[in-house]
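*Asks:* Pasting a structure below so you can have a look.
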Amino acid sequence: MQEKLEKIYVIQPITRENAGKYRILQEDAVSLIESAGAAYAGTIYQNVREINAATFIGEGKLQELKGRLDGLDEITVLFNGELSPSQTLNISATLDDRKVIDRTTLILDIFAKNAKSSEGKLQVELAQLKYIYPRLKGKGAALSRLGGGVGTRGPGETQLETDRRYIRGRLKYLENRLKEMEKRRALQTARRKKTEVKTIALVGYTNTGKSTLLNVLTGAETYVKNKLFATLDPTARKLTIEGIEFLIVDTVGFLQDLPHNLIEAFKSTLESALHCDLALIVCDATGEYDMQMQTTLQTLQEMDFSSPYLLVMNKSENVTDFSVFPRESVMISAKEHLGIEALKREILKFFKNEFLFCELFVPYGKSNEYAKLKPYVYEKRTEFTDDGQTVFATIPSRYAKLFSDYIK
């Protein structure tokens with residue numbers, strides 16, 4: 001038998017803070033619902049001049065929503081914002097004890113569904129427990145009415161019934177485990193710096209095609225799906241451009257109004273982006289690319305990001321007017337393999353001061369001496385003559401002096 005899809009109805013508040021972007025937030029909510037494996041059932045909008053301490057939105061609007069939902073079974077209500085524990089319970093009570101979740105709960109549910117690595121699972125559990133803990137104080141029995149479905153995946157299913165002391169202990173354990181993993185990753189980063197491998201991070205709004213781009217650039221076969229937060233755990237692959245090896249890392253996507261505690265939870269995972277030599281900020285050229293770019297930069301800046309970056313406008317195969325995009329943008333279509341060579345050239349151009357592109361002539365009599373220098377050179381091709389070999393090479397600039405006898 002096919003599993004019945006959970007249906008979710010959205011309450012979209014319109015406040016002074018989100019008045020200019022509430023439509024985008026609502027569209028994101030629909031995408032989040034679908035990414036959680038549920039079905040979108042509709043939206044009710046409410047202008048909020050003053051927040052109602054008990055229910056956030058007014059009693060009249062809740063009664064209107066109750067009327068809309070009368071006769072409809074198994075409808076979950078999503079408040080597309082953040083609710084306090086008491087507001088969640090009060091809205092649920094007004095709507096005849098229907099399950100009510102907020103935006104953070106929904107995002108955490110998707111994270112729990114998509115986390116694959118042990119670190120990703122630990123980070124999700126930590127974020128969920130931190131969110132659940134203040135909502136357990138005196139409310140455990142009421143919250144247990146949530147039952148199954150969206151918003152209860154991961155530790156949410158089992159931890160609601162546990163006592164606060166156990167949760168505090170579990171939080172401490174998870175934080176310690178993640179600190180240990182963070183130390184190991186710091187050692188790996190230091191090792192990479194020592195070997196001088198340049199790191200490139202793919203960052204940007206969720207669902208803009210970062211994983212597809214990773215696959216096209218590296219020939220990898222990482223998981224790609226047209227859903228929000230499909231990539232949760234960072235994925236690193238080797239990228240070679242004209243003989244130069246880079247490490248390119250795909251990271252979790254961002255979203256408008258991504259709750260700060262979620263950013264904090266995944267800060268360690270995003271360290272690959274924070275400490276990269278170059279970031280590629282990937283935007284959807286067919287969508288709200290300016291909003292995507294600003295959201296990404298704002299989120300990164302909250303984490304003290306300071307690396308240089310290139311703007312990459314993906315999904316541009318049907319774009320005819322390029323003048324509307326920032327001049328420094330690189331226009332590509334990862335799906336159609338368009339603009340990929342131009343992107344590689346831009347990456348190389350960024351690192352041009354780091355490398356010397358040259359021809360080396362190595363007399364046969366000096367082959368043994370040259371062999372000792374080979375670990376410092378990227379050989380693109382070699383031509384042999386009667387007197388020696390001509391090597392078309394790329395050398396890290398800091399080692400150029402070692403090759404002064406051979407550079408033509």
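In the structure tokens, chains take letters A, B, ... by order of appearance, with residues numbered from 1 within each chain and ligands from 1 in the order shown.
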Check region 310-365 of chain A with DSSP on the backbone and list each residue it calls alpha helix (DSSP H), as JSON, numbers by chain.

*Replies:* {"A": [340, 341, 342, 343, 344, 345, 346, 347, 348, 349, 350]}

*Asks:* Kindly save the residues from that selection, with N, CA and C atoms included, as a PDB file, in the first residue's frame.

*Replies:*
```pdb
ATOM      1  N   ILE A 340      31.205  26.037 -18.426  1.00  0.00           N
ATOM      2  CA  ILE A 340      32.066  25.369 -17.442  1.00  0.00           C
ATOM      3  C   ILE A 340      33.542  25.707 -17.689  1.00  0.00           C
ATOM      4  N   GLU A 341      33.946  25.722 -18.975  1.00  0.00           N
ATOM      5  CA  GLU A 341      35.345  26.065 -19.285  1.00  0.00           C
ATOM      6  C   GLU A 341      35.642  27.507 -18.899  1.00  0.00           C
ATOM      7  N   ALA A 342      34.660  28.406 -19.124  1.00  0.00           N
ATOM      8  CA  ALA A 342      34.847  29.819 -18.729  1.00  0.00           C
ATOM      9  C   ALA A 342      35.013  29.928 -17.214  1.00  0.00           C
ATOM     10  N   LEU A 343      34.244  29.129 -16.472  1.00  0.00           N
ATOM     11  CA  LEU A 343      34.362  29.131 -15.012  1.00  0.00           C
ATOM     12  C   LEU A 343      35.740  28.641 -14.585  1.00  0.00           C
ATOM     13  N   LYS A 344      36.240  27.594 -15.231  1.00  0.00           N
ATOM     14  CA  LYS A 344      37.573  27.088 -14.898  1.00  0.00           C
ATOM     15  C   LYS A 344      38.636  28.153 -15.165  1.00  0.00           C
ATOM     16  N   ARG A 345      38.471  28.891 -16.272  1.00  0.00           N
ATOM     17  CA  ARG A 345      39.437  29.953 -16.585  1.00  0.00           C
ATOM     18  C   ARG A 345      39.418  31.046 -15.517  1.00  0.00           C
ATOM     19  N   GLU A 346      38.205  31.370 -15.031  1.00  0.00           N
ATOM     20  CA  GLU A 346      38.090  32.389 -13.981  1.00  0.00           C
ATOM     21  C   GLU A 346      38.743  31.918 -12.683  1.00  0.00           C
ATOM     22  N   ILE A 347      38.600  30.622 -12.390  1.00  0.00           N
ATOM     23  CA  ILE A 347      39.236  30.067 -11.193  1.00  0.00           C
ATOM     24  C   ILE A 347      40.760  30.169 -11.318  1.00  0.00           C
ATOM     25  N   LEU A 348      41.271  29.779 -12.490  1.00  0.00           N
ATOM     26  CA  LEU A 348      42.713  29.871 -12.716  1.00  0.00           C
ATOM     27  C   LEU A 348      43.204  31.308 -12.665  1.00  0.00           C
ATOM     28  N   LYS A 349      42.395  32.221 -13.235  1.00  0.00           N
ATOM     29  CA  LYS A 349      42.769  33.632 -13.242  1.00  0.00           C
ATOM     30  C   LYS A 349      42.896  34.146 -11.811  1.00  0.00           C
ATOM     31  N   PHE A 350      41.995  33.688 -10.949  1.00  0.00           N
ATOM     32  CA  PHE A 350      42.053  34.120  -9.549  1.00  0.00           C
ATOM     33  C   PHE A 350      43.359  33.686  -8.893  1.00  0.00           C
TER      34      PHE A 350
END
```

*Asks:* Give me the residues near Gly42 (chain A) as a PyMOL selection string, where near means some atom within 7 Å (using only C-alpha atoms) and where sequence neighbours in that chain fewer than 2 positions away do not count.

*Replies:* chain A and resi 9-10+40

*Asks:* Quick one: distance from CA of Lys61 (chain A) to CA of Arg49 (chain A) in Å, one decimal?

*Replies:* 13.3 Å

*Asks:* Would you mind listing what lies within 8 Å of Leu239 (chain A) as a PyMOL selection string, with only C-alpha atoms counted and same-chain residues fewer than 5 positions away left out?

*Replies:* chain A and resi 217-218+245-248

*Asks:* Hey, which of A:Ile11, A:Leu373, A:Val124, A:Thr104 ends up closest to Glu64 (chain A)? Count only C-alpha atoms.

*Replies:* A:Ile11

*Asks:* Using DSSP assignments from the backbone, pull out every residue in region 224-403 of chain A that falls under strand (DSSP E) and give it to me as a PyMOL selection string.

*Replies:* chain A and resi 235-241+244-250+278-284+309-314+330-331+355-363+378-384+388-396

*Asks:* Output C-alpha atoms of each residue in that selection to a file, as a PDB file, in the first residue's frame.

*Replies:*
```
ATOM      1  CA  THR A 235      31.234  16.591   0.119  1.00  0.00           C
ATOM      2  CA  ALA A 236      34.857  17.072  -0.972  1.00  0.00           C
ATOM      3  CA  ARG A 237      36.215  16.048  -4.385  1.00  0.00           C
ATOM      4  CA  LYS A 238      39.434  16.599  -6.334  1.00  0.00           C
ATOM      5  CA  LEU A 239      39.244  19.139  -9.159  1.00  0.00           C
ATOM      6  CA  THR A 240      42.062  19.343 -11.734  1.00  0.00           C
ATOM      7  CA  ILE A 241      42.421  22.370 -14.032  1.00  0.00           C
ATOM      8  CA  ILE A 244      46.670  21.955 -11.010  1.00  0.00           C
ATOM      9  CA  GLU A 245      44.850  20.046  -8.282  1.00  0.00           C
ATOM     10  CA  PHE A 246      42.251  21.759  -6.115  1.00  0.00           C
ATOM     11  CA  LEU A 247      39.947  20.437  -3.422  1.00  0.00           C
ATOM     12  CA  ILE A 248      36.356  21.504  -4.086  1.00  0.00           C
ATOM     13  CA  VAL A 249      33.765  21.202  -1.304  1.00  0.00           C
ATOM     14  CA  ASP A 250      29.972  21.210  -1.621  1.00  0.00           C
ATOM     15  CA  LEU A 278      38.056  30.767  -2.899  1.00  0.00           C
ATOM     16  CA  ALA A 279      34.275  30.476  -2.601  1.00  0.00           C
ATOM     17  CA  LEU A 280      31.945  30.041  -5.563  1.00  0.00           C
ATOM     18  CA  ILE A 281      28.603  31.626  -4.614  1.00  0.00           C
ATOM     19  CA  VAL A 282      26.105  29.778  -6.788  1.00  0.00           C
ATOM     20  CA  CYS A 283      22.788  31.493  -7.612  1.00  0.00           C
ATOM     21  CA  ASP A 284      19.805  30.489  -9.756  1.00  0.00           C
ATOM     22  CA  TYR A 309      34.518  34.732  -3.861  1.00  0.00           C
ATOM     23  CA  LEU A 310      33.257  34.471  -7.440  1.00  0.00           C
ATOM     24  CA  LEU A 311      29.571  34.880  -8.335  1.00  0.00           C
ATOM     25  CA  VAL A 312      28.275  31.983 -10.432  1.00  0.00           C
ATOM     26  CA  MET A 313      24.861  32.296 -12.090  1.00  0.00           C
ATOM     27  CA  ASN A 314      23.633  28.759 -12.774  1.00  0.00           C
ATOM     28  CA  VAL A 330      30.166  33.874 -14.480  1.00  0.00           C
ATOM     29  CA  MET A 331      27.143  32.598 -16.418  1.00  0.00           C
ATOM     30  CA  PHE A 355      51.329  29.722 -10.111  1.00  0.00           C
ATOM     31  CA  LEU A 356      53.838  30.177 -12.958  1.00  0.00           C
ATOM     32  CA  PHE A 357      52.760  28.799 -16.345  1.00  0.00           C
ATOM     33  CA  CYS A 358      55.943  28.115 -18.297  1.00  0.00           C
ATOM     34  CA  GLU A 359      58.082  25.876 -20.538  1.00  0.00           C
ATOM     35  CA  LEU A 360      61.040  24.016 -19.050  1.00  0.00           C
ATOM     36  CA  PHE A 361      63.930  22.604 -21.030  1.00  0.00           C
ATOM     37  CA  VAL A 362      65.656  19.704 -19.277  1.00  0.00           C
ATOM     38  CA  PRO A 363      68.865  18.405 -20.892  1.00  0.00           C
ATOM     39  CA  TYR A 378      52.522  20.050 -12.596  1.00  0.00           C
ATOM     40  CA  GLU A 379      53.544  18.632 -16.000  1.00  0.00           C
ATOM     41  CA  LYS A 380      50.904  19.179 -18.665  1.00  0.00           C
ATOM     42  CA  ARG A 381      52.795  17.594 -21.574  1.00  0.00           C
ATOM     43  CA  THR A 382      56.325  16.728 -22.584  1.00  0.00           C
ATOM     44  CA  GLU A 383      58.091  16.884 -25.976  1.00  0.00           C
ATOM     45  CA  PHE A 384      61.373  15.029 -26.548  1.00  0.00           C
ATOM     46  CA  GLY A 388      66.577  16.887 -23.950  1.00  0.00           C
ATOM     47  CA  GLN A 389      62.901  17.310 -23.093  1.00  0.00           C
ATOM     48  CA  THR A 390      60.643  20.359 -23.213  1.00  0.00           C
ATOM     49  CA  VAL A 391      58.077  20.293 -20.411  1.00  0.00           C
ATOM     50  CA  PHE A 392      54.965  22.481 -20.543  1.00  0.00           C
ATOM     51  CA  ALA A 393      54.413  23.012 -16.850  1.00  0.00           C
ATOM     52  CA  THR A 394      52.722  24.856 -14.015  1.00  0.00           C
ATOM     53  CA  ILE A 395      54.823  25.631 -10.954  1.00  0.00           C
ATOM     54  CA  PRO A 396      53.671  27.113  -7.632  1.00  0.00           C
TER      55      PRO A 396
END
```

*Asks:* Between A:Gln298, A:Asn207, A:Gln46, A:Ser329, single out the one closest to Ser31 (chain A), counting only C-alpha atoms.

*Replies:*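 So, comparing all the options, the nearest one is A:Asn207.
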
*Asks:* Measuring atom to atom with only C-alpha atoms, identify which of A:Tyr399, A:Thr208, A:Phe254, A:Asp102 is nearest to Val77 (chain A).

*Replies:* A:Asp102

*Asks:* Determine, counting only C-alpha atoms, which protein, DNA and RNA residues have an atom within 9 Å of an atom of Phe305 (chain A); residues of the same chain fewer than 5 positions away are not included. Present the result as a list of chain:residue names.

*Replies:* A:Ala273, A:Leu274, A:His275, A:Leu297, A:Thr299, A:Leu300

*Asks:* Please produce a file of the residues just selected, as a PDB file, in the first residue's frame, where the atoms kept are C-alpha atoms.

*Replies:*
```pdb
ATOM      1  CA  ALA A 273      33.627  27.224   3.381  1.00  0.00           C
ATOM      2  CA  LEU A 274      34.847  29.624   6.054  1.00  0.00           C
ATOM      3  CA  HIS A 275      38.507  28.674   5.581  1.00  0.00           C
ATOM      4  CA  LEU A 297      26.641  36.657   2.046  1.00  0.00           C
ATOM      5  CA  THR A 299      24.702  34.133   6.514  1.00  0.00           C
ATOM      6  CA  LEU A 300      28.426  33.734   5.840  1.00  0.00           C
TER       7      LEU A 300
END
```

*Asks:* So what do you get for CA of Leu95 (chain A) versus CA of Lys113 (chain A), distance-wise?

*Replies:*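 Separation between CA of Leu95 (chain A) and CA of Lys113 (chain A): 27.7 Å.
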
*Asks:* Of the candidates A:Thr320, A:Asn90, A:Thr199, A:Thr286, which one gets nearest to Ser307 (chain A) if we count only C-alpha atoms?

*Replies:*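 Among the listed residues, A:Thr199 lies closest to Ser307 (chain A).
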
*Asks:* Would you kindly return, as a PyMOL selection string, each protein, DNA or RNA residue with an atom no farther than 9 Å from any atom of region 365-371 of chain A, considering only C-alpha atoms and excluding same-chain residues fewer than 4 positions away?

*Replies:* chain A and resi 375+387-388+403+406

*Asks:* Include C-alpha atoms and write out the residues we just selected as a PDB file, in the first residue's frame.

*Replies:*
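This went into selection-v7.pdb:
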```
ATOM      1  CA  PRO A 375      57.055  16.873  -6.691  1.00  0.00           C
ATOM      2  CA  ASP A 387      69.185  17.274 -26.678  1.00  0.00           C
ATOM      3  CA  GLY A 388      66.577  16.887 -23.950  1.00  0.00           C
ATOM      4  CA  PHE A 403      63.523  25.825 -11.717  1.00  0.00           C
ATOM      5  CA  TYR A 406      65.279  25.098 -16.726  1.00  0.00           C
TER       6      TYR A 406
END
```

*Asks:* Which residues, written as a list in words, have at least one atom at most 12 Å from Ile14 (chain A), with only C-alpha atoms counted and residues fewer than 3 positions away on the same chain left out?

*Replies:*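 In the requested format, the answer is Ile11, Glu17, Asn18, Ala19, Gly20, Lys21, Tyr22, Arg23, Ile24, Leu25, Gln26, Ile44, Tyr45, Gln46, Asn47, Val48, Arg49, Glu50, Ile51, Phe56, Ile57, Phe79, Asn80 and Gly81 of chain A.
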
*Asks:* Just checking: using only C-alpha atoms, which residue out of A:Pro13, A:Gly67, A:Pro85, A:Gly339 ends up closest to Val216 (chain A)?

*Replies:* A:Gly339
